[in-house]
Amino acid sequence: AALDLRGAAYFPGFLDPAAQAALVEDLRRVVAEAPLFSPTTRFGGKMTVRMTSAGRYGWYSDRRGYRYEALHPSGRPWPAIPERVLSVWKELVGPARLPDCCLVNLYEGNARMGLHQDRDEADLSWPVLSISLGDEALFRIGGTERGGPTESLRLRSGDVLILAGASRLAYHGIDRIYPGTSGLLPRGGRINLTLRVVD
Ligand code: MD3
Ligand code: FE
């Protein structure tokens with residue numbers, strides 16, 4: 001059953017260990033076609049998270065700012081979103097519209113993601129769906145104003161979060177990863193998938 005977290009729907013343990021392992025296999029193929037990279041922020045610093053994408057668009061950032069791109073930095077199109085990833089979206093969001101982008105974030109070591117809003121998408125009425133795999137993470141979510149109160153939640157492997165309604169524009173981030181809390185990834189670390197309708 002979904003718990004309500006500031007309007008977000010939280011499905012702890014939605015994916016069983018076999019389903020999690022199947023997604024990791026799918027992601028190995030995605031990363032082989034579209035290698036992970038560390039984007040530069042508009043302020044010139046490197047992000048500590050490594051990322052890539054699948055789908056019609058991939059999320060990208062450099063000194064020109066944050067945006068969606070139709071091509072990986074290699075110049076090739078992004079790989080297709082794996083069918084088993086789309087199944088999670090169809091089950092929880094519905095089949096009417098499929099996501100254009102599956103952003104793959106890999107957290108290793110001291111990687112983190114500062115508080116931000118996701119607002120690069122054309123139609124913010126579509127939800128964002130997030131899948132956590134691997135080591136546990138300290139996730140923080142606040143309101144729609146920077147500097148307001150926040151609450152923290154430990155995201156675990158197999159958890160799914162749907163950000164819709166008021167929570168869609170909530171400030172959120174990842175404060176830290178807890179190494180050694182999951183055996184899913186042989187070298188440790190955490191993968192987060194975010195599915196989005198872009199345009
Ligand atoms: C709340 N990723 O890629 S997932 C991101 O774990 C991002 O990699 C984090 O924030 C991660 O943009 C958090 C949970 C999440 C995803 C999208 C959201 C929370 C959100 C969009 C709006 C509000
Ligand atoms: Fe985000």
# chains A, B, ... in the order shown; residues from 1 in each chain; ligands from 1

$ residues_near_ligand --ligand "ligand 1" --cutoff "7 Å" --atoms "only C-alpha atoms and all ligand atoms" --output "PDB file with N, CA and C atoms, in the first residue's frame"
ATOM      1  N   LEU A 103      16.014   8.645 -16.571  1.00  0.00           N
ATOM      2  CA  LEU A 103      17.322   9.096 -16.111  1.00  0.00           C
ATOM      3  C   LEU A 103      17.877   8.055 -15.145  1.00  0.00           C
ATOM      4  N   ASN A 105      20.719   7.470 -12.408  1.00  0.00           N
ATOM      5  CA  ASN A 105      21.702   8.129 -11.536  1.00  0.00           C
ATOM      6  C   ASN A 105      22.457   7.060 -10.766  1.00  0.00           C
ATOM      7  N   MET A 113      23.200  14.517  -3.918  1.00  0.00           N
ATOM      8  CA  MET A 113      22.516  15.441  -4.819  1.00  0.00           C
ATOM      9  C   MET A 113      21.860  16.511  -3.976  1.00  0.00           C
ATOM     10  N   GLN A 117      14.619  21.557  -7.467  1.00  0.00           N
ATOM     11  CA  GLN A 117      13.304  21.244  -8.018  1.00  0.00           C
ATOM     12  C   GLN A 117      13.501  20.643  -9.399  1.00  0.00           C
ATOM     13  N   ASP A 118      12.582  19.763  -9.824  1.00  0.00           N
ATOM     14  CA  ASP A 118      12.604  19.223 -11.191  1.00  0.00           C
ATOM     15  C   ASP A 118      11.563  20.007 -11.973  1.00  0.00           C
ATOM     16  N   VAL A 128       6.378  12.207 -11.775  1.00  0.00           N
ATOM     17  CA  VAL A 128       7.705  11.612 -11.926  1.00  0.00           C
ATOM     18  C   VAL A 128       7.689  10.330 -11.097  1.00  0.00           C
ATOM     19  N   LEU A 129       8.235   9.232 -11.652  1.00  0.00           N
ATOM     20  CA  LEU A 129       8.298   7.969 -10.920  1.00  0.00           C
ATOM     21  C   LEU A 129       9.770   7.637 -10.671  1.00  0.00           C
ATOM     22  N   SER A 130      10.108   7.328  -9.434  1.00  0.00           N
ATOM     23  CA  SER A 130      11.489   7.021  -9.050  1.00  0.00           C
ATOM     24  C   SER A 130      11.583   5.600  -8.505  1.00  0.00           C
ATOM     25  N   SER A 132      14.402   3.007  -6.622  1.00  0.00           N
ATOM     26  CA  SER A 132      15.689   2.911  -5.934  1.00  0.00           C
ATOM     27  C   SER A 132      16.217   1.481  -6.002  1.00  0.00           C
ATOM     28  N   PHE A 139      17.086  10.389   1.747  1.00  0.00           N
ATOM     29  CA  PHE A 139      16.354  11.280   0.835  1.00  0.00           C
ATOM     30  C   PHE A 139      15.717  12.388   1.662  1.00  0.00           C
ATOM     31  N   ILE A 141      12.979  15.736   1.467  1.00  0.00           N
ATOM     32  CA  ILE A 141      11.966  16.440   0.671  1.00  0.00           C
ATOM     33  C   ILE A 141      11.358  17.562   1.497  1.00  0.00           C
ATOM     34  N   LEU A 161       8.719   5.596  -5.687  1.00  0.00           N
ATOM     35  CA  LEU A 161       8.136   6.861  -5.219  1.00  0.00           C
ATOM     36  C   LEU A 161       7.488   7.523  -6.431  1.00  0.00           C
ATOM     37  N   LEU A 163       5.931  11.141  -7.590  1.00  0.00           N
ATOM     38  CA  LEU A 163       5.815  12.547  -7.234  1.00  0.00           C
ATOM     39  C   LEU A 163       4.771  13.160  -8.148  1.00  0.00           C
ATOM     40  N   SER A 167       3.611  17.651  -4.555  1.00  0.00           N
ATOM     41  CA  SER A 167       4.988  17.162  -4.367  1.00  0.00           C
ATOM     42  C   SER A 167       5.804  17.243  -5.658  1.00  0.00           C
ATOM     43  N   ARG A 168       5.153  17.388  -6.801  1.00  0.00           N
ATOM     44  CA  ARG A 168       5.875  17.419  -8.090  1.00  0.00           C
ATOM     45  C   ARG A 168       6.874  18.564  -8.131  1.00  0.00           C
ATOM     46  N   LEU A 169       6.553  19.661  -7.458  1.00  0.00           N
ATOM     47  CA  LEU A 169       7.460  20.823  -7.456  1.00  0.00           C
ATOM     48  C   LEU A 169       8.165  21.000  -6.111  1.00  0.00           C
ATOM     49  N   ALA A 170       8.189  19.949  -5.303  1.00  0.00           N
ATOM     50  CA  ALA A 170       8.858  20.014  -4.001  1.00  0.00           C
ATOM     51  C   ALA A 170      10.379  20.026  -4.179  1.00  0.00           C
ATOM     52  N   TYR A 171      11.066  20.794  -3.333  1.00  0.00           N
ATOM     53  CA  TYR A 171      12.534  20.686  -3.266  1.00  0.00           C
ATOM     54  C   TYR A 171      12.890  19.321  -2.684  1.00  0.00           C
ATOM     55  N   HIS A 172      13.917  18.683  -3.253  1.00  0.00           N
ATOM     56  CA  HIS A 172      14.303  17.346  -2.794  1.00  0.00           C
ATOM     57  C   HIS A 172      15.768  17.092  -3.131  1.00  0.00           C
ATOM     58  N   GLY A 173      16.362  16.129  -2.444  1.00  0.00           N
ATOM     59  CA  GLY A 173      17.761  15.788  -2.721  1.00  0.00           C
ATOM     60  C   GLY A 173      18.157  14.527  -1.977  1.00  0.00           C
ATOM     61  N   ILE A 174      19.393  14.098  -2.226  1.00  0.00           N
ATOM     62  CA  ILE A 174      19.957  12.913  -1.568  1.00  0.00           C
ATOM     63  C   ILE A 174      21.149  13.380  -0.738  1.00  0.00           C
ATOM     64  N   ASN A 192      19.434   5.172  -8.974  1.00  0.00           N
ATOM     65  CA  ASN A 192      18.067   5.670  -8.967  1.00  0.00           C
ATOM     66  C   ASN A 192      17.617   5.887 -10.400  1.00  0.00           C
ATOM     67  N   LEU A 193      16.437   5.378 -10.720  1.00  0.00           N
ATOM     68  CA  LEU A 193      15.834   5.630 -12.036  1.00  0.00           C
ATOM     69  C   LEU A 193      14.720   6.648 -11.842  1.00  0.00           C
ATOM     70  N   THR A 194      14.691   7.690 -12.674  1.00  0.00           N
ATOM     71  CA  THR A 194      13.533   8.585 -12.653  1.00  0.00           C
ATOM     72  C   THR A 194      12.932   8.605 -14.048  1.00  0.00           C
TER      73      THR A 194
END

$ select_by_dssp --residues "range 82-129 of chain A" --states "helix (DSSP H, G or I)" --output "VMD selection string"
chain A and resid 83 to 92

$ write_last_selection --atoms "N, CA and C atoms" --output "PDB file, in the first residue's frame"
ATOM      1  N   GLU A  83      11.726  -2.568 -21.252  1.00  0.00           N
ATOM      2  CA  GLU A  83      10.308  -2.934 -21.100  1.00  0.00           C
ATOM      3  C   GLU A  83       9.921  -3.139 -19.626  1.00  0.00           C
ATOM      4  N   ARG A  84      10.825  -3.749 -18.840  1.00  0.00           N
ATOM      5  CA  ARG A  84      10.488  -4.001 -17.423  1.00  0.00           C
ATOM      6  C   ARG A  84      10.414  -2.708 -16.617  1.00  0.00           C
ATOM      7  N   VAL A  85      11.112  -1.670 -17.080  1.00  0.00           N
ATOM      8  CA  VAL A  85      11.007  -0.355 -16.417  1.00  0.00           C
ATOM      9  C   VAL A  85       9.664   0.279 -16.790  1.00  0.00           C
ATOM     10  N   LEU A  86       9.305   0.177 -18.086  1.00  0.00           N
ATOM     11  CA  LEU A  86       8.020   0.735 -18.527  1.00  0.00           C
ATOM     12  C   LEU A  86       6.846   0.057 -17.822  1.00  0.00           C
ATOM     13  N   SER A  87       7.010  -1.250 -17.504  1.00  0.00           N
ATOM     14  CA  SER A  87       5.922  -1.972 -16.816  1.00  0.00           C
ATOM     15  C   SER A  87       5.585  -1.349 -15.474  1.00  0.00           C
ATOM     16  N   VAL A  88       6.618  -0.885 -14.761  1.00  0.00           N
ATOM     17  CA  VAL A  88       6.375  -0.279 -13.448  1.00  0.00           C
ATOM     18  C   VAL A  88       5.550   1.002 -13.629  1.00  0.00           C
ATOM     19  N   TRP A  89       5.919   1.788 -14.635  1.00  0.00           N
ATOM     20  CA  TRP A  89       5.154   3.015 -14.943  1.00  0.00           C
ATOM     21  C   TRP A  89       3.701   2.672 -15.301  1.00  0.00           C
ATOM     22  N   LYS A  90       3.513   1.665 -16.190  1.00  0.00           N
ATOM     23  CA  LYS A  90       2.153   1.317 -16.625  1.00  0.00           C
ATOM     24  C   LYS A  90       1.307   0.877 -15.443  1.00  0.00           C
ATOM     25  N   GLU A  91       1.925   0.145 -14.524  1.00  0.00           N
ATOM     26  CA  GLU A  91       1.175  -0.372 -13.382  1.00  0.00           C
ATOM     27  C   GLU A  91       0.780   0.736 -12.407  1.00  0.00           C
ATOM     28  N   LEU A  92       1.667   1.698 -12.182  1.00  0.00           N
ATOM     29  CA  LEU A  92       1.412   2.688 -11.128  1.00  0.00           C
ATOM     30  C   LEU A  92       0.903   4.030 -11.657  1.00  0.00           C
TER      31      LEU A  92
END

$ residues_around --residues "Ala80 in chain A" --least-positions-apart "5" --cutoff "9 Å" --atoms "only C-alpha atoms" --output "list in words"
Val30, Ala54, Gly55 and Arg56 of chain A

$ write_last_selection --atoms "C-alpha atoms" --output "JSON list (two decimals), in the first residue's frame"
[["chain", "number", "residue", "atom", "x", "y", "z"],
["A", 30, "VAL", "CA", 21.73, 0.66, -21.21],
["A", 54, "ALA", "CA", 17.27, 5.91, -21.88],
["A", 55, "GLY", "CA", 14.36, 7.06, -24.01],
["A", 56, "ARG", "CA", 13.66, 9.80, -26.59]]

$ residues_around --residues "Glu121 in chain A" --least-positions-apart "2" --cutoff "6 Å" --atoms "only C-alpha atoms" --output "list in words"
Arg119, Asp123 and Val198 of chain A

$ select_by_dssp --residues "range 2-172 of chain A" --states "strand (DSSP E)" --output "ChimeraX atom specification"
/A:3-5,8-11,50-55,58-62,65-69,101-107,113-116,128-134,136-141,151-155,160-163,172

$ closest_residue --among "A:Gly165, A:Ala22, A:Asp120, A:Gly7" --to "Ser61 in chain A" --atoms "only C-alpha atoms"
A:Asp120

$ closest_residue --among "A:Leu155, A:Ala19, A:Met47, A:Ala96" --to "Ile191 in chain A" --atoms "only C-alpha atoms"
A:Leu155

$ atom_distance --atom1 "CA of Asp199 in chain A" --atom2 "CA of Cys102 in chain A"
13.6 Å

$ residues_around --residues "Ala111 in chain A" --least-positions-apart "6" --cutoff "8 Å" --atoms "only C-alpha atoms" --output "mmCIF file with N, CA and C atoms, in the first residue's frame"
data_model
loop_
_atom_site.group_PDB
_atom_site.id
_atom_site.type_symbol
_atom_site.label_atom_id
_atom_site.label_comp_id
_atom_site.auth_asym_id
_atom_site.auth_seq_id
_atom_site.Cartn_x
_atom_site.Cartn_y
_atom_site.Cartn_z
ATOM 1 N N THR A 48 28.660 14.962 -8.375
ATOM 2 C CA THR A 48 29.285 13.765 -7.794
ATOM 3 C C THR A 48 28.558 12.503 -8.250
ATOM 4 N N VAL A 49 27.337 12.663 -8.747
ATOM 5 C CA VAL A 49 26.569 11.535 -9.282
ATOM 6 C C VAL A 49 26.996 11.315 -10.729
ATOM 7 N N ARG A 176 23.024 11.487 1.522
ATOM 8 C CA ARG A 176 24.122 10.515 1.601
ATOM 9 C C ARG A 176 23.626 9.110 1.261
ATOM 10 N N ILE A 177 24.604 8.261 0.969
ATOM 11 C CA ILE A 177 24.362 6.838 0.714
ATOM 12 C C ILE A 177 24.956 6.070 1.893
#

$ closest_residue --among "A:Val104, A:Pro77, A:Arg196, A:Arg29" --to "Met51 in chain A" --atoms "only C-alpha atoms"
A:Val104

$ closest_residue --among "A:Phe37, A:Trp78, A:Trp59, A:Phe43" --to "ligand 2" --atoms "only C-alpha atoms and all ligand atoms"
A:Trp59

$ atom_distance --atom1 "CA of Gly134 in chain A" --atom2 "CA of Arg154 in chain A"
12.4 Å

$ closest_residue --among "A:Gly114, A:Pro179, A:Pro73, A:Gly109" --to "ligand 2" --atoms "only C-alpha atoms and all ligand atoms"
A:Gly114

$ residues_around --residues "Phe11 in chain A" --least-positions-apart "3" --cutoff "10 Å" --atoms "only C-alpha atoms" --output "number ranges by chain"
A: 1-4, 8, 14-15, 92, 131, 158-162

$ closest_residue --among "A:Leu185, A:Asp135, A:Arg140, A:Thr40" --to "ligand 2" --atoms "only C-alpha atoms and all ligand atoms"
A:Arg140

$ decode --residues "range 41-166 of chain A" --atoms "C-alpha atoms" --output "CSV table (one decimal), in the first residue's frame"
chain,number,residue,atom,x,y,z
A,41,THR,CA,26.5,22.2,-13.4
A,42,ARG,CA,25.7,25.7,-14.8
A,43,PHE,CA,28.1,27.0,-12.0
A,44,GLY,CA,31.0,25.0,-13.5
A,45,GLY,CA,31.4,22.2,-10.8
A,46,LYS,CA,31.2,18.5,-11.6
A,47,MET,CA,28.3,16.6,-10.1
A,48,THR,CA,29.3,13.8,-7.8
A,49,VAL,CA,26.6,11.5,-9.3
A,50,ARG,CA,27.3,9.8,-12.6
A,51,MET,CA,24.4,9.5,-15.0
A,52,THR,CA,23.0,8.4,-18.3
A,53,SER,CA,19.5,8.1,-19.8
A,54,ALA,CA,17.3,5.9,-21.9
A,55,GLY,CA,14.4,7.1,-24.0
A,56,ARG,CA,13.7,9.8,-26.6
A,57,TYR,CA,15.4,12.3,-24.4
A,58,GLY,CA,18.2,12.3,-21.8
A,59,TRP,CA,18.8,14.8,-19.1
A,60,TYR,CA,22.0,16.8,-19.6
A,61,SER,CA,23.8,19.7,-18.0
A,62,ASP,CA,26.9,21.9,-18.8
A,63,ARG,CA,27.7,25.6,-18.3
A,64,ARG,CA,24.8,26.5,-20.6
A,65,GLY,CA,22.4,25.0,-18.1
A,66,TYR,CA,20.1,22.1,-17.5
A,67,ARG,CA,18.1,20.6,-20.4
A,68,TYR,CA,16.9,17.5,-22.2
A,69,GLU,CA,18.9,16.4,-25.2
A,70,ALA,CA,17.9,13.9,-28.0
A,71,LEU,CA,21.5,12.5,-28.2
A,72,HIS,CA,24.0,11.1,-25.7
A,73,PRO,CA,27.3,13.2,-25.5
A,74,SER,CA,28.8,10.5,-27.8
A,75,GLY,CA,26.4,11.8,-30.6
A,76,ARG,CA,24.4,8.6,-30.6
A,77,PRO,CA,20.7,8.4,-29.6
A,78,TRP,CA,19.9,7.2,-26.1
A,79,PRO,CA,18.9,3.5,-25.8
A,80,ALA,CA,15.3,2.5,-25.5
A,81,ILE,CA,13.7,2.4,-22.0
A,82,PRO,CA,13.7,-1.2,-20.9
A,83,GLU,CA,10.3,-2.9,-21.1
A,84,ARG,CA,10.5,-4.0,-17.4
A,85,VAL,CA,11.0,-0.4,-16.4
A,86,LEU,CA,8.0,0.7,-18.5
A,87,SER,CA,5.9,-2.0,-16.8
A,88,VAL,CA,6.4,-0.3,-13.4
A,89,TRP,CA,5.2,3.0,-14.9
A,90,LYS,CA,2.2,1.3,-16.6
A,91,GLU,CA,1.2,-0.4,-13.4
A,92,LEU,CA,1.4,2.7,-11.1
A,93,VAL,CA,0.8,5.7,-13.4
A,94,GLY,CA,-1.1,4.1,-16.3
A,95,PRO,CA,-0.7,3.2,-20.0
A,96,ALA,CA,-2.2,6.4,-21.6
A,97,ARG,CA,1.2,8.1,-21.9
A,98,LEU,CA,4.6,6.5,-21.5
A,99,PRO,CA,7.7,8.4,-20.2
A,100,ASP,CA,10.1,10.0,-22.7
A,101,CYS,CA,13.1,9.8,-20.4
A,102,CYS,CA,14.5,7.3,-17.9
A,103,LEU,CA,17.3,9.1,-16.1
A,104,VAL,CA,19.8,6.7,-14.5
A,105,ASN,CA,21.7,8.1,-11.5
A,106,LEU,CA,24.6,6.2,-10.0
A,107,TYR,CA,25.8,7.1,-6.5
A,108,GLU,CA,29.1,5.7,-5.4
A,109,GLY,CA,31.3,6.7,-2.4
A,110,ASN,CA,30.3,10.2,-1.2
A,111,ALA,CA,28.1,11.1,-4.1
A,112,ARG,CA,25.1,13.2,-3.2
A,113,MET,CA,22.5,15.4,-4.8
A,114,GLY,CA,21.8,18.9,-3.4
A,115,LEU,CA,18.2,20.2,-2.9
A,116,HIS,CA,16.6,21.1,-6.2
A,117,GLN,CA,13.3,21.2,-8.0
A,118,ASP,CA,12.6,19.2,-11.2
A,119,ARG,CA,11.0,21.7,-13.6
A,120,ASP,CA,12.7,21.2,-16.9
A,121,GLU,CA,9.7,19.3,-18.3
A,122,ALA,CA,7.1,21.1,-20.5
A,123,ASP,CA,4.0,19.7,-18.7
A,124,LEU,CA,4.5,19.5,-14.9
A,125,SER,CA,1.1,17.9,-14.4
A,126,TRP,CA,2.6,14.5,-15.3
A,127,PRO,CA,4.1,12.6,-12.3
A,128,VAL,CA,7.7,11.6,-11.9
A,129,LEU,CA,8.3,8.0,-10.9
A,130,SER,CA,11.5,7.0,-9.1
A,131,ILE,CA,12.9,3.5,-8.5
A,132,SER,CA,15.7,2.9,-5.9
A,133,LEU,CA,18.2,0.0,-6.4
A,134,GLY,CA,21.2,-1.0,-4.3
A,135,ASP,CA,22.5,0.8,-1.2
A,136,GLU,CA,20.2,2.8,1.0
A,137,ALA,CA,20.0,6.6,0.7
A,138,LEU,CA,19.0,9.4,2.9
A,139,PHE,CA,16.4,11.3,0.8
A,140,ARG,CA,15.2,14.7,1.9
A,141,ILE,CA,12.0,16.4,0.7
A,142,GLY,CA,10.6,19.9,1.5
A,143,GLY,CA,7.9,22.2,0.2
A,144,THR,CA,7.9,24.3,-3.0
A,145,GLU,CA,9.9,27.2,-1.4
A,146,ARG,CA,13.7,26.9,-0.9
A,147,GLY,CA,14.6,27.2,2.7
A,148,GLY,CA,11.3,25.8,4.1
A,149,PRO,CA,11.1,22.8,6.5
A,150,THR,CA,12.1,19.4,5.1
A,151,GLU,CA,11.7,15.8,6.2
A,152,SER,CA,14.0,12.9,5.6
A,153,LEU,CA,13.3,9.3,4.6
A,154,ARG,CA,15.6,6.3,4.0
A,155,LEU,CA,15.0,5.0,0.5
A,156,ARG,CA,15.8,1.3,0.1
A,157,SER,CA,16.4,-1.1,-2.8
A,158,GLY,CA,13.1,-1.9,-4.5
A,159,ASP,CA,11.2,1.2,-3.2
A,160,VAL,CA,9.2,3.2,-5.7
A,161,LEU,CA,8.1,6.9,-5.2
A,162,ILE,CA,5.6,8.8,-7.3
A,163,LEU,CA,5.8,12.5,-7.2
A,164,ALA,CA,2.5,14.1,-8.3
A,165,GLY,CA,0.4,17.0,-7.4
A,166,ALA,CA,1.9,19.4,-4.9
